[in-house]
>>> print(open('model.tsv').read())   # TSV, C-alpha atoms and all ligand atoms
chain	number	residue	atom	x	y	z
O	14	MET	CA	8.38	-37.27	3.00
O	15	THR	CA	5.91	-36.06	0.39
O	16	LYS	CA	3.34	-38.41	-1.15
O	17	PRO	CA	4.56	-39.92	-4.45
O	18	THR	CA	3.00	-38.19	-7.43
O	19	GLN	CA	1.67	-39.96	-10.53
O	20	LYS	CA	5.04	-39.15	-12.14
O	21	ASP	CA	6.93	-40.77	-9.26
O	22	LEU	CA	4.86	-43.94	-9.61
O	23	ILE	CA	5.51	-44.08	-13.35
O	24	SER	CA	9.21	-43.49	-12.76
O	25	ALA	CA	9.53	-46.44	-10.31
O	26	ASN	CA	8.04	-48.93	-12.82
O	27	ARG	CA	10.00	-47.35	-15.62
O	28	LYS	CA	13.27	-48.06	-13.83
O	29	ASP	CA	13.01	-51.83	-14.20
O	30	ILE	CA	11.92	-51.54	-17.84
O	31	HIS	CA	14.94	-49.32	-18.46
O	32	ILE	CA	17.24	-51.92	-16.89
O	33	ASP	CA	15.89	-54.63	-19.21
O	34	LEU	CA	16.20	-52.44	-22.28
O	35	ALA	CA	19.69	-51.25	-21.29
O	36	LYS	CA	20.83	-54.87	-21.12
O	37	SER	CA	19.41	-55.65	-24.56
O	38	ASP	CA	20.87	-54.85	-27.96
O	39	ALA	CA	18.00	-52.40	-28.48
O	40	SER	CA	19.91	-49.85	-26.36
O	41	LYS	CA	23.14	-49.96	-28.32
O	42	SER	CA	24.14	-46.91	-30.30
O	43	LEU	CA	24.83	-47.75	-33.93
O	44	ARG	CA	27.55	-45.09	-34.17
O	45	PRO	CA	31.01	-46.51	-34.89
O	46	HIS	CA	32.96	-46.43	-31.63
O	47	PRO	CA	35.25	-43.37	-31.76
O	48	LEU	CA	37.88	-44.99	-29.54
O	49	ASP	CA	38.46	-47.57	-32.30
O	50	LEU	CA	40.07	-44.79	-34.31
O	51	ILE	CA	42.71	-44.18	-31.66
O	52	THR	CA	45.93	-46.18	-31.44
O	53	LEU	CA	47.94	-45.32	-28.38
O	54	PRO	CA	51.61	-44.65	-29.11
O	55	HIS	CA	53.56	-47.84	-28.47
O	56	ASN	CA	56.80	-47.35	-26.53
O	57	ALA	CA	59.41	-50.00	-27.32
O	58	LEU	CA	61.60	-48.64	-24.55
O	59	PRO	CA	59.25	-48.17	-21.61
O	60	GLU	CA	62.11	-48.11	-19.03
O	61	LEU	CA	59.67	-49.33	-16.40
O	62	ASP	CA	59.30	-52.38	-14.19
O	63	PHE	CA	55.66	-53.50	-14.71
O	64	SER	CA	55.35	-53.94	-10.94
O	65	GLU	CA	56.15	-50.29	-10.26
O	66	ILE	CA	53.17	-48.97	-12.24
O	67	ASP	CA	50.90	-47.09	-9.87
O	68	THR	CA	47.34	-46.88	-11.18
O	69	THR	CA	45.90	-45.20	-8.09
O	70	TYR	CA	44.08	-41.90	-8.37
O	71	LYS	CA	42.68	-39.50	-5.77
O	72	PHE	CA	39.03	-38.56	-6.28
O	73	LEU	CA	36.82	-36.73	-3.77
O	74	ASN	CA	39.45	-37.18	-1.03
O	75	THR	CA	39.74	-40.92	-1.53
O	76	ARG	CA	42.55	-42.81	-3.23
O	77	LEU	CA	40.94	-45.18	-5.74
O	78	ALA	CA	42.67	-48.32	-7.04
O	79	PHE	CA	42.45	-46.71	-10.47
O	80	PRO	CA	40.67	-43.72	-11.98
O	81	PHE	CA	37.29	-45.28	-12.50
O	82	MET	CA	33.68	-45.01	-11.42
O	83	ILE	CA	30.52	-47.02	-11.89
O	84	THR	CA	28.16	-44.33	-13.13
O	85	GLY	CA	24.62	-43.98	-11.81
O	86	MET	CA	22.02	-46.50	-12.90
O	87	THR	CA	19.62	-47.95	-10.41
O	88	GLY	CA	17.74	-47.69	-7.13
O	89	GLY	CA	14.17	-47.11	-6.02
O	90	THR	CA	12.72	-50.53	-6.93
O	91	MET	CA	13.31	-53.93	-5.33
O	92	ARG	CA	15.44	-55.04	-8.25
O	93	GLY	CA	17.26	-51.70	-8.47
O	94	ASP	CA	18.04	-51.68	-4.76
O	95	LYS	CA	19.38	-55.22	-4.93
O	96	LEU	CA	21.63	-54.26	-7.82
O	97	ASN	CA	22.87	-51.20	-5.97
O	98	LEU	CA	23.75	-53.24	-2.85
O	99	ALA	CA	25.84	-55.55	-5.04
O	100	PHE	CA	27.45	-52.63	-6.88
O	101	ALA	CA	28.32	-51.06	-3.51
O	102	GLU	CA	29.93	-54.17	-2.10
O	103	VAL	CA	32.01	-54.81	-5.21
O	104	ALA	CA	32.96	-51.15	-5.73
O	105	ASN	CA	34.17	-51.05	-2.14
O	106	GLN	CA	36.24	-54.22	-2.61
O	107	CYS	CA	37.71	-52.95	-5.88
O	108	LYS	CA	38.16	-49.39	-4.54
O	109	VAL	CA	36.38	-47.59	-7.35
O	110	ALA	CA	33.80	-44.82	-7.01
O	111	LEU	CA	30.08	-45.56	-7.25
O	112	GLY	CA	27.18	-43.46	-8.48
O	113	VAL	CA	23.56	-44.43	-7.93
O	114	GLY	CA	20.69	-43.81	-10.36
O	115	SER	CA	18.17	-41.03	-9.90
O	116	GLN	CA	17.03	-40.94	-6.26
O	117	ARG	CA	13.82	-39.06	-7.02
O	118	SER	CA	11.66	-42.16	-6.85
O	119	SER	CA	13.35	-43.76	-3.82
O	120	ILE	CA	13.00	-40.52	-1.85
O	121	ALA	CA	9.36	-40.04	-2.88
O	122	HIS	CA	8.60	-43.63	-1.83
O	123	ASN	CA	10.56	-43.41	1.37
O	124	ARG	CA	12.85	-46.25	0.29
O	125	SER	CA	16.09	-45.33	1.96
O	126	GLN	CA	19.34	-46.47	0.33
O	127	SER	CA	21.42	-45.68	3.41
O	128	GLU	CA	22.61	-49.30	3.55
O	129	LEU	CA	24.89	-48.48	0.62
O	130	ARG	CA	27.09	-46.29	2.79
O	131	ARG	CA	27.48	-49.10	5.32
O	132	LEU	CA	28.50	-51.50	2.55
O	133	ALA	CA	30.82	-49.01	0.93
O	134	PRO	CA	32.54	-47.03	3.67
O	135	LYS	CA	35.84	-46.70	1.81
O	136	ILE	CA	34.80	-45.22	-1.53
O	137	PRO	CA	33.16	-42.06	-2.85
O	138	LEU	CA	29.38	-42.53	-3.17
O	139	ILE	CA	27.67	-40.18	-5.56
O	140	GLY	CA	23.98	-39.33	-5.32
O	141	ASN	CA	21.86	-38.50	-8.34
O	142	ILE	CA	18.91	-36.37	-9.37
O	143	GLY	CA	17.83	-34.88	-12.70
O	144	GLY	CA	18.62	-31.32	-13.74
O	145	VAL	CA	14.96	-30.74	-14.56
O	146	GLN	CA	13.87	-31.98	-11.13
O	147	LEU	CA	16.46	-29.73	-9.51
O	148	ALA	CA	14.93	-26.76	-11.33
O	149	GLN	CA	11.41	-27.56	-10.15
O	150	LYS	CA	9.76	-26.42	-6.92
O	151	ASN	CA	11.51	-28.03	-3.91
O	152	GLY	CA	14.39	-29.15	-6.16
O	153	LEU	CA	17.00	-28.09	-3.66
O	154	ASP	CA	15.21	-30.02	-0.88
O	155	LEU	CA	15.22	-33.10	-3.08
O	156	ALA	CA	18.95	-32.62	-3.66
O	157	LYS	CA	19.60	-32.30	0.08
O	158	ALA	CA	17.50	-35.38	0.83
O	159	ALA	CA	19.42	-37.36	-1.81
O	160	ILE	CA	22.75	-36.41	-0.23
O	161	ASP	CA	21.54	-37.09	3.33
O	162	ASP	CA	20.16	-40.51	2.50
O	163	LEU	CA	23.44	-41.78	1.06
O	164	GLU	CA	25.80	-39.62	3.12
O	165	ALA	CA	27.01	-38.87	-0.38
O	166	ASP	CA	30.45	-37.50	-1.18
O	167	ALA	CA	29.05	-35.67	-4.21
O	168	LEU	CA	25.71	-35.22	-5.96
O	169	ALA	CA	25.41	-35.92	-9.67
O	170	ILE	CA	22.92	-33.79	-11.57
O	171	HIS	CA	22.01	-35.51	-14.82
O	172	LEU	CA	21.23	-33.63	-18.01
O	173	ASN	CA	19.14	-35.74	-20.39
O	174	PRO	CA	17.13	-33.48	-22.73
O	175	LEU	CA	17.22	-36.01	-25.59
O	176	GLN	CA	15.77	-38.74	-23.38
O	177	GLU	CA	13.11	-36.47	-21.91
O	178	ILE	CA	11.96	-35.35	-25.36
O	179	ILE	CA	11.36	-38.92	-26.53
O	180	GLN	CA	9.95	-40.24	-23.26
O	181	PRO	CA	6.14	-39.96	-23.45
O	182	GLU	CA	5.95	-38.71	-19.85
O	183	GLY	CA	9.22	-36.74	-20.17
O	184	ASP	CA	9.87	-33.23	-18.87
O	185	ARG	CA	10.01	-30.75	-21.72
O	186	ASN	CA	10.55	-27.56	-19.78
O	187	TRP	CA	14.30	-27.10	-19.51
O	188	ARG	CA	14.20	-23.47	-18.44
O	189	GLY	CA	16.10	-22.54	-15.30
O	190	VAL	CA	18.30	-25.65	-15.07
O	191	LEU	CA	21.65	-23.79	-15.12
O	192	ASN	CA	20.36	-21.37	-12.52
O	193	ALA	CA	19.24	-24.28	-10.33
O	194	ILE	CA	22.67	-25.89	-10.67
O	195	GLU	CA	24.30	-22.64	-9.57
O	196	LYS	CA	22.04	-22.54	-6.49
O	197	ALA	CA	22.86	-26.18	-5.74
O	198	VAL	CA	26.59	-25.50	-5.95
O	199	GLY	CA	26.18	-22.65	-3.47
O	200	ASN	CA	23.88	-24.45	-1.04
O	201	LEU	CA	24.75	-28.13	-0.93
O	202	PRO	CA	27.22	-29.56	1.57
O	203	CYS	CA	29.19	-31.53	-1.05
O	204	PRO	CA	30.49	-31.03	-4.60
O	205	VAL	CA	28.09	-31.12	-7.53
O	206	LEU	CA	29.01	-33.35	-10.46
O	207	VAL	CA	27.15	-32.69	-13.69
O	208	LYS	CA	26.71	-35.55	-16.12
O	209	GLU	CA	25.00	-36.35	-19.39
O	210	VAL	CA	23.58	-39.81	-19.97
O	211	GLY	CA	24.96	-40.59	-23.45
O	212	ALA	CA	24.58	-37.54	-25.70
O	213	GLY	CA	27.68	-35.75	-24.43
O	214	ILE	CA	28.63	-32.34	-23.05
O	215	SER	CA	30.18	-29.78	-25.40
O	216	LEU	CA	32.78	-27.15	-24.59
O	217	PRO	CA	30.24	-24.25	-24.47
O	218	VAL	CA	28.08	-26.20	-22.01
O	219	ALA	CA	31.09	-27.24	-19.94
O	220	LYS	CA	32.16	-23.57	-19.78
O	221	LYS	CA	28.71	-22.53	-18.55
O	222	LEU	CA	28.89	-25.22	-15.89
O	223	GLN	CA	32.34	-24.14	-14.76
O	224	ASN	CA	31.18	-20.51	-14.66
O	225	VAL	CA	28.53	-21.44	-12.09
O	226	GLY	CA	31.06	-23.32	-9.97
O	227	VAL	CA	30.83	-26.93	-11.18
O	228	ASN	CA	34.20	-28.65	-10.87
O	229	HIS	CA	33.28	-32.22	-11.80
O	230	ILE	CA	31.85	-33.15	-15.20
O	231	ASP	CA	31.05	-36.57	-16.66
O	232	VAL	CA	30.79	-35.94	-20.40
O	233	ALA	CA	28.88	-39.24	-21.01
O	234	CYS	CA	29.08	-39.17	-24.80
O	235	ALA	CA	27.41	-41.09	-27.63
O	236	ALA	CA	28.48	-44.56	-28.85
O	237	GLY	CA	27.44	-46.54	-25.79
O	238	THR	CA	23.98	-46.78	-24.24
O	239	SER	CA	21.54	-44.80	-26.38
O	240	TRP	CA	18.70	-43.40	-24.29
O	241	ALA	CA	16.98	-42.28	-27.45
O	242	ARG	CA	16.84	-45.91	-28.58
O	243	ILE	CA	15.66	-47.09	-25.13
O	244	GLU	CA	12.85	-44.55	-24.99
O	245	ALA	CA	11.87	-45.18	-28.62
O	246	GLU	CA	11.50	-48.90	-27.77
O	247	ARG	CA	8.89	-47.97	-25.18
O	248	LEU	CA	6.79	-46.08	-27.73
O	249	PRO	CA	4.00	-47.59	-29.82
O	250	GLU	CA	5.22	-48.42	-33.33
O	251	ASN	CA	3.28	-45.55	-34.94
O	252	LYS	CA	4.91	-42.93	-32.66
O	253	ARG	CA	8.53	-43.96	-33.34
O	254	ASN	CA	8.95	-42.42	-36.79
O	255	ILE	CA	9.27	-38.89	-35.60
O	256	TYR	CA	12.29	-39.73	-33.45
O	257	ALA	CA	14.06	-41.97	-35.98
O	258	PRO	CA	16.59	-39.30	-37.06
O	259	PHE	CA	17.62	-38.72	-33.44
O	260	LEU	CA	18.36	-42.25	-32.30
O	261	ASP	CA	22.12	-41.77	-32.41
O	262	TRP	CA	22.17	-38.04	-31.72
O	263	GLY	CA	25.00	-36.68	-29.60
O	264	HIS	CA	28.68	-35.77	-29.28
O	265	LEU	CA	31.48	-38.26	-29.69
O	266	ILE	CA	34.07	-38.10	-26.95
O	267	THR	CA	36.92	-37.71	-29.42
O	268	ASP	CA	35.30	-34.51	-30.69
O	269	VAL	CA	34.58	-32.79	-27.39
O	270	LEU	CA	37.00	-34.02	-24.77
O	271	PRO	CA	40.38	-32.68	-25.94
O	272	GLU	CA	39.01	-29.14	-26.37
O	273	ILE	CA	37.29	-29.18	-22.99
O	274	ARG	CA	40.52	-30.33	-21.38
O	275	HIS	CA	42.50	-27.63	-23.20
O	276	SER	CA	40.14	-24.82	-22.26
O	277	LEU	CA	39.06	-25.60	-18.72
O	278	LYS	CA	41.48	-25.87	-15.85
O	279	ASN	CA	40.56	-27.22	-12.42
O	280	VAL	CA	37.66	-29.33	-13.62
O	281	THR	CA	37.78	-33.08	-13.00
O	282	LEU	CA	36.69	-34.68	-16.25
O	283	ILE	CA	35.13	-38.11	-16.31
O	284	GLY	CA	34.98	-39.79	-19.70
O	285	SER	CA	32.21	-42.26	-20.41
O	286	GLY	CA	29.81	-43.59	-23.01
O	287	GLY	CA	30.35	-47.10	-24.28
O	288	LEU	CA	33.52	-48.00	-22.37
O	289	ARG	CA	34.27	-51.65	-23.18
O	290	ASP	CA	37.64	-52.51	-21.63
O	291	GLY	CA	40.73	-51.18	-19.89
O	292	LEU	CA	42.31	-50.13	-23.18
O	293	ASP	CA	39.29	-47.86	-23.81
O	294	LEU	CA	39.90	-46.45	-20.34
O	295	ALA	CA	43.58	-45.78	-21.19
O	296	LYS	CA	42.47	-44.05	-24.40
O	297	LEU	CA	40.07	-41.83	-22.45
O	298	LEU	CA	42.88	-40.84	-20.10
O	299	TRP	CA	45.18	-40.20	-23.07
O	300	LEU	CA	42.46	-37.95	-24.59
O	301	GLY	CA	42.50	-35.84	-21.44
O	302	CYS	CA	39.98	-37.37	-19.03
O	303	HIS	CA	41.04	-37.67	-15.40
O	304	MET	CA	38.83	-40.70	-14.91
O	305	GLY	CA	36.68	-43.10	-16.89
O	306	GLY	CA	33.20	-44.33	-16.09
O	307	SER	CA	30.90	-47.05	-17.26
O	308	ALA	CA	27.30	-48.12	-16.76
O	309	SER	CA	25.67	-50.76	-18.97
O	310	PHE	CA	28.83	-52.83	-19.41
O	311	LEU	CA	28.93	-53.36	-15.63
O	312	LEU	CA	25.19	-53.90	-15.33
O	313	LYS	CA	25.51	-56.76	-17.82
O	314	ALA	CA	28.47	-58.12	-15.88
O	315	LEU	CA	26.48	-58.09	-12.62
O	316	GLU	CA	23.02	-59.34	-13.58
O	317	THR	CA	22.50	-62.50	-15.62
O	318	GLU	CA	19.74	-62.82	-18.19
O	319	ASP	CA	17.57	-64.63	-15.65
O	320	LEU	CA	18.18	-61.80	-13.15
O	321	ASN	CA	20.67	-63.56	-10.89
O	322	ILE	CA	23.29	-61.37	-9.27
O	323	GLN	CA	26.87	-62.46	-9.90
O	324	GLN	CA	29.11	-60.26	-7.78
O	325	GLU	CA	32.20	-62.28	-8.53
O	326	HIS	CA	31.75	-61.72	-12.25
O	327	LEU	CA	31.41	-57.97	-11.71
O	328	GLN	CA	34.51	-57.98	-9.52
O	329	ASN	CA	36.48	-59.87	-12.18
O	330	SER	CA	35.31	-57.43	-14.85
O	331	ILE	CA	36.51	-54.44	-12.81
O	332	GLU	CA	39.81	-56.11	-11.94
O	333	THR	CA	40.30	-56.92	-15.63
O	334	LEU	CA	39.75	-53.25	-16.48
O	335	ARG	CA	42.51	-52.31	-14.03
O	336	GLU	CA	44.87	-54.97	-15.35
O	337	GLN	CA	44.27	-53.88	-18.97
O	338	LEU	CA	44.83	-50.25	-18.00
O	339	THR	CA	48.12	-51.24	-16.34
O	340	ILE	CA	49.26	-53.06	-19.51
O	341	ALA	CA	48.38	-50.01	-21.64
O	342	LEU	CA	50.32	-47.76	-19.25
O	343	PHE	CA	53.35	-50.08	-19.41
O	344	LEU	CA	53.27	-50.23	-23.20
O	345	THR	CA	53.09	-46.45	-23.51
O	346	GLY	CA	55.89	-45.96	-20.96
O	347	GLN	CA	53.63	-44.44	-18.31
O	348	ARG	CA	54.20	-45.11	-14.62
O	349	THR	CA	50.92	-43.44	-13.58
O	350	PRO	CA	47.49	-42.89	-15.19
O	351	ILE	CA	48.29	-39.22	-15.74
O	352	PHE	CA	49.41	-39.03	-19.37
O	353	LYS	CA	52.19	-36.46	-19.74
O	354	ASN	CA	52.03	-36.42	-23.53
O	355	GLY	CA	48.42	-37.29	-24.21
O	356	ALA	CA	46.28	-36.07	-27.08
O	357	THR	CA	45.92	-32.65	-25.48
O	358	GLY	CA	49.68	-32.34	-24.98
O	359	ILE	CA	49.14	-30.48	-21.69
O	360	LEU	CA	48.59	-33.20	-19.15
O	401	LIG	C1	19.97	-49.08	-16.64
O	401	LIG	C2	20.55	-47.70	-16.63
O	401	LIG	C3	19.95	-46.73	-15.87
O	401	LIG	C4	20.49	-45.44	-15.81
O	401	LIG	N1	19.93	-44.50	-14.99
O	401	LIG	C5	20.55	-43.31	-14.82
O	401	LIG	C6	20.09	-42.39	-13.84
O	401	LIG	O1	19.12	-42.64	-13.13
O	401	LIG	N2	20.77	-41.22	-13.69
O	401	LIG	C7	21.86	-40.92	-14.47
O	401	LIG	O2	22.49	-39.88	-14.28
O	401	LIG	N3	22.29	-41.76	-15.42
O	401	LIG	C8	21.68	-42.94	-15.61
O	401	LIG	N4	22.16	-43.81	-16.54
O	401	LIG	C9	23.19	-43.37	-17.49
O	401	LIG	C10	24.58	-43.85	-17.15
O	401	LIG	O3	25.04	-43.33	-15.92
O	401	LIG	C11	25.57	-43.47	-18.27
O	401	LIG	O4	25.77	-42.09	-18.27
O	401	LIG	C12	25.13	-43.90	-19.66
O	401	LIG	O5	24.47	-45.16	-19.63
O	401	LIG	C13	26.32	-44.01	-20.62
O	401	LIG	O6	27.24	-44.97	-20.17
O	401	LIG	P1	27.36	-46.42	-20.82
O	401	LIG	O7	27.43	-46.24	-22.32
O	401	LIG	O8	28.62	-46.99	-20.22
O	401	LIG	O9	26.14	-47.20	-20.43
O	401	LIG	C14	21.63	-45.12	-16.60
O	401	LIG	C15	22.23	-46.12	-17.38
O	401	LIG	C16	21.71	-47.39	-17.40
O	401	LIG	C17	22.39	-48.44	-18.25
>>> encode(input="model.tsv", output="structure tokens", more="lines below")
Ligand SMILES: Cc1cc2nc3c(=O)[nH]c(=O)nc-3n(C[C@H](O)[C@H](O)[C@H](O)COP(=O)(O)O)c2cc1C
Amino acid sequence: MTKPTQKDLISANRKDIHIDLAKSDASKSLRPHPLDLITLPHNALPELDFSEIDTTYKFLNTRLAFPFMITGMTGGTMRGDKLNLAFAEVANQCKVALGVGSQRSSIAHNRSQSELRRLAPKIPLIGNIGGVQLAQKNGLDLAKAAIDDLEADALAIHLNPLQEIIQPEGDRNWRGVLNAIEKAVGNLPCPVLVKEVGAGISLPVAKKLQNVGVNHIDVACAAGTSWARIEAERLPENKRNIYAPFLDWGHLITDVLPEIRHSLKNVTLIGSGGLRDGLDLAKLLWLGCHMGGSASFLLKALETEDLNIQQEHLQNSIETLREQLTIALFLTGQRTPIFKNGATGIL
């Protein structure tokens, strides 16, 4: 293992500050939630027995209880590791997929997260590193180490240019990231999933990703956690002004998702960014996502304000999501979470 650099040290401390800010109202996008504009078509004649609704969905060779993943958040600090262990146990019980937060710091500090695989043998575990880190020297080695440590089923590469621009210690050189992703696709032993962190992925970017072999994309759009707001909170008052116009920058899922789904075949699309309940999840599926994902909503469900872990509460929240999805499927006359007549009309 290489010695942690100054940047690695900053990034470990930063993680816990990010968790606190993500749990506070300071992180909330002020954009109106686009899913509030969608009313799913009610079916007064569902011709279904509620008990026959099958919410299961196959993702990365595993049948999940429903098409849902906890998207990457934590790891690499004592608090982050504790949260991840709890996420792993609950995700395994609920049979949903789990992503971890950036592994750059945990790998640099030799803090293995291999325990997660033991706690979650039945679900897909998804590793995580940044696109910029992947494009740097030894990026591919970092990616391999991240996969090895978790015995990951896929590696998420996060794209976060908005966050990096506002972060005082952020990476501003975004040259070579697509090329690095292409190399990763060709050289890693598992699928690569590319994700944003709340500013969304447009059709032209999704096409570029598919052209280099990426088959899993989490669009992570605006309206949920705003990383611009989180990073701006960390700045001294007199430095915030410059970023004020960008605090709610980003694509809304209703704008980008249907056209991505129409244009790209054979890409698994994960919809996320501000998911609040199982009806939101049903709306994402109706828009054309194959799966939904959520981060801060579940973090708040798991960790109390005084930092106690409440696994049961997280489990209830995930089970409620599934139950609400099932109700939405019943009321739209759908036996499975694959919408035959969704917004895209091609599902
Ligand atoms: C505390 C916290 C830490 C996060 N850290 C990461 C990370 O390390 N890597 C990553 O890809 N995404 C990270 N994310 C982004 C989430 O995976 C997700 O894309 C984003 O928060 C939007 O989802 P949400 O609105 O449901 O929170 C983090 C989110 C939170 C709340």
>>> residues_around(input="model.tsv", residues="O:Gln176", least_positions_apart="3", cutoff="8 Å", atoms="all atoms listed in the file", output="number ranges by chain")
O: 173, 179-180, 183, 240-241, 244
>>> atom_distance(input="model.tsv", atom1="atom CA of O:Asn123", atom2="atom CA of O:Arg185")
26.3 Å
>>> residues_around(input="model.tsv", residues="O:Arg117", least_positions_apart="5", cutoff="9 Å", atoms="only C-alpha atoms", output="ChimeraX atom specification")
/O:21,24,89,122,141-143,146,155-156,159
>>> residues_around(input="model.tsv", residues="O:Ala236", least_positions_apart="6", cutoff="10 Å", atoms="all atoms listed in the file", output="PyMOL selection string")
chain O and resi 41-48+211-213+261-266+285-288
>>> axis_aligned_box(input="model.tsv", around="ligand LIG 401 (chain O)", padding_each_side="3 Å", output="JSON")
{"center_x": 23.9, "center_y": -44.5, "center_z": -17.7, "size_x": 15.5, "size_y": 15.2, "size_z": 15.2}
>>> atom_distance(input="model.tsv", atom1="atom CA of O:Val225", atom2="atom CA of O:Gly144")
14.1 Å
>>> residues_near_ligand(input="model.tsv", ligand="ligand LIG 401 (chain O)", cutoff="8 Å", atoms="only C-alpha atoms and all ligand atoms", output="MDAnalysis selection string")
chainID O and resid 28:29 31:36 83:88 112:116 141:143 169:172 208:211 231 233:240 285:289 306:312
>>> residues_around(input="model.tsv", residues="stretch 64-71 of chain O", least_positions_apart="6", cutoff="6 Å", atoms="only C-alpha atoms", output="count of residues only")
7
>>> residues_near_point(input="model.tsv", point="(45.1, -54.3, -9.4)", cutoff="9 Å", atoms="only C-alpha atoms", output="count of residues only")
10
>>> residues_around(input="model.tsv", residues="O:Phe81", least_positions_apart="4", cutoff="6 Å", atoms="all atoms listed in the file", output="short mmCIF file (atom, residue, chain, number, x, y, z; two decimals) with C-alpha atoms, in the frame of the given file")
data_model
loop_
_atom_site.label_atom_id
_atom_site.label_comp_id
_atom_site.auth_asym_id
_atom_site.auth_seq_id
_atom_site.Cartn_x
_atom_site.Cartn_y
_atom_site.Cartn_z
CA VAL O 109 36.38 -47.59 -7.35
CA MET O 304 38.83 -40.70 -14.91
CA GLY O 305 36.68 -43.10 -16.89
CA GLY O 306 33.20 -44.33 -16.09
#
>>> atom_distance(input="model.tsv", atom1="atom CA of O:Ile51", atom2="atom CA of O:Leu298")
12.0 Å
>>> closest_atom_pairs(input="model.tsv", of="stretch 287-332 of chain O", to="stretch 270-276 of chain O", cutoff="12 Å", atoms="all atoms listed in the file", output="CSV")
residue,atom,partner,partner_atom,distance
O:Lys296,CA,O:Leu270,CA,11.4
O:Leu297,CA,O:Leu270,CA,8.7
O:Leu298,CA,O:Leu270,CA,10.1
O:Trp299,CA,O:Pro271,CA,9.4
O:Leu300,CA,O:Pro271,CA,5.8
O:Gly301,CA,O:Arg274,CA,5.9
O:Cys302,CA,O:Leu270,CA,7.3
O:His303,CA,O:Arg274,CA,9.5
>>> closest_residue(input="model.tsv", among="O:Leu191, O:Ala245, O:Leu132, O:Val103", to="O:Asn224", atoms="only C-alpha atoms")
O:Leu191
>>> closest_residue(input="model.tsv", among="O:Phe352, O:Pro258, O:Leu96, O:Ser119", to="O:Asn321", atoms="only C-alpha atoms")
O:Leu96
>>> closest_residue(input="model.tsv", among="O:Leu50, O:Asn329, O:Leu277, O:Gly346", to="O:Pro217", atoms="all atoms listed in the file")
O:Leu277
>>> residues_near_point(input="model.tsv", point="(16.5, -26.7, -10.0)", cutoff="7 Å", atoms="only C-alpha atoms", output="compact mmCIF listing (two decimals) with C-alpha atoms, keeping the file's coordinate frame")
# COMPACT_ATOMS: atom_id res chain seq x y z
CA GLY O 144 18.62 -31.32 -13.74
CA VAL O 145 14.96 -30.74 -14.56
CA GLN O 146 13.87 -31.98 -11.13
CA LEU O 147 16.46 -29.73 -9.51
CA ALA O 148 14.93 -26.76 -11.33
CA GLN O 149 11.41 -27.56 -10.15
CA GLY O 152 14.39 -29.15 -6.16
CA LEU O 153 17.00 -28.09 -3.66
CA GLY O 189 16.10 -22.54 -15.30
CA VAL O 190 18.30 -25.65 -15.07
CA ALA O 193 19.24 -24.28 -10.33
CA ILE O 194 22.67 -25.89 -10.67
>>> decode(input="model.tsv", residues="stretch 129-140 of chain O", atoms="N, CA and C atoms", output="CSV table (one decimal), in the first residue's frame")
chain,number,residue,atom,x,y,z
O,129,LEU,N,-17.4,-6.3,4.8
O,129,LEU,CA,-18.7,-6.1,4.1
O,129,LEU,C,-19.2,-7.3,3.3
O,130,ARG,N,-18.2,-7.9,2.6
O,130,ARG,CA,-18.6,-9.1,1.8
O,130,ARG,C,-19.1,-10.2,2.7
O,131,ARG,N,-18.5,-10.4,3.9
O,131,ARG,CA,-18.9,-11.4,4.8
O,131,ARG,C,-20.3,-11.1,5.3
O,132,LEU,N,-20.6,-9.9,5.6
O,132,LEU,CA,-21.9,-9.5,6.1
O,132,LEU,C,-23.0,-9.5,5.0
O,133,ALA,N,-22.5,-9.4,3.8
O,133,ALA,CA,-23.5,-9.3,2.7
O,133,ALA,C,-23.2,-10.3,1.5
O,134,PRO,N,-23.3,-11.6,1.9
O,134,PRO,CA,-22.8,-12.5,0.8
O,134,PRO,C,-23.9,-12.7,-0.3
O,135,LYS,N,-25.1,-12.2,0.0
O,135,LYS,CA,-26.2,-12.6,-1.0
O,135,LYS,C,-26.5,-11.4,-2.0
O,136,ILE,N,-25.9,-10.3,-1.8
O,136,ILE,CA,-26.3,-9.2,-2.7
O,136,ILE,C,-25.1,-8.6,-3.5
O,137,PRO,N,-25.4,-7.9,-4.6
O,137,PRO,CA,-24.3,-7.2,-5.3
O,137,PRO,C,-23.7,-6.1,-4.4
O,138,LEU,N,-22.4,-6.1,-4.3
O,138,LEU,CA,-21.6,-5.1,-3.6
O,138,LEU,C,-20.9,-4.3,-4.7
O,139,ILE,N,-21.0,-3.0,-4.6
O,139,ILE,CA,-20.4,-2.2,-5.7
O,139,ILE,C,-19.4,-1.2,-5.1
O,140,GLY,N,-18.1,-1.4,-5.6
O,140,GLY,CA,-17.0,-0.5,-5.2
O,140,GLY,C,-17.2,0.8,-5.7
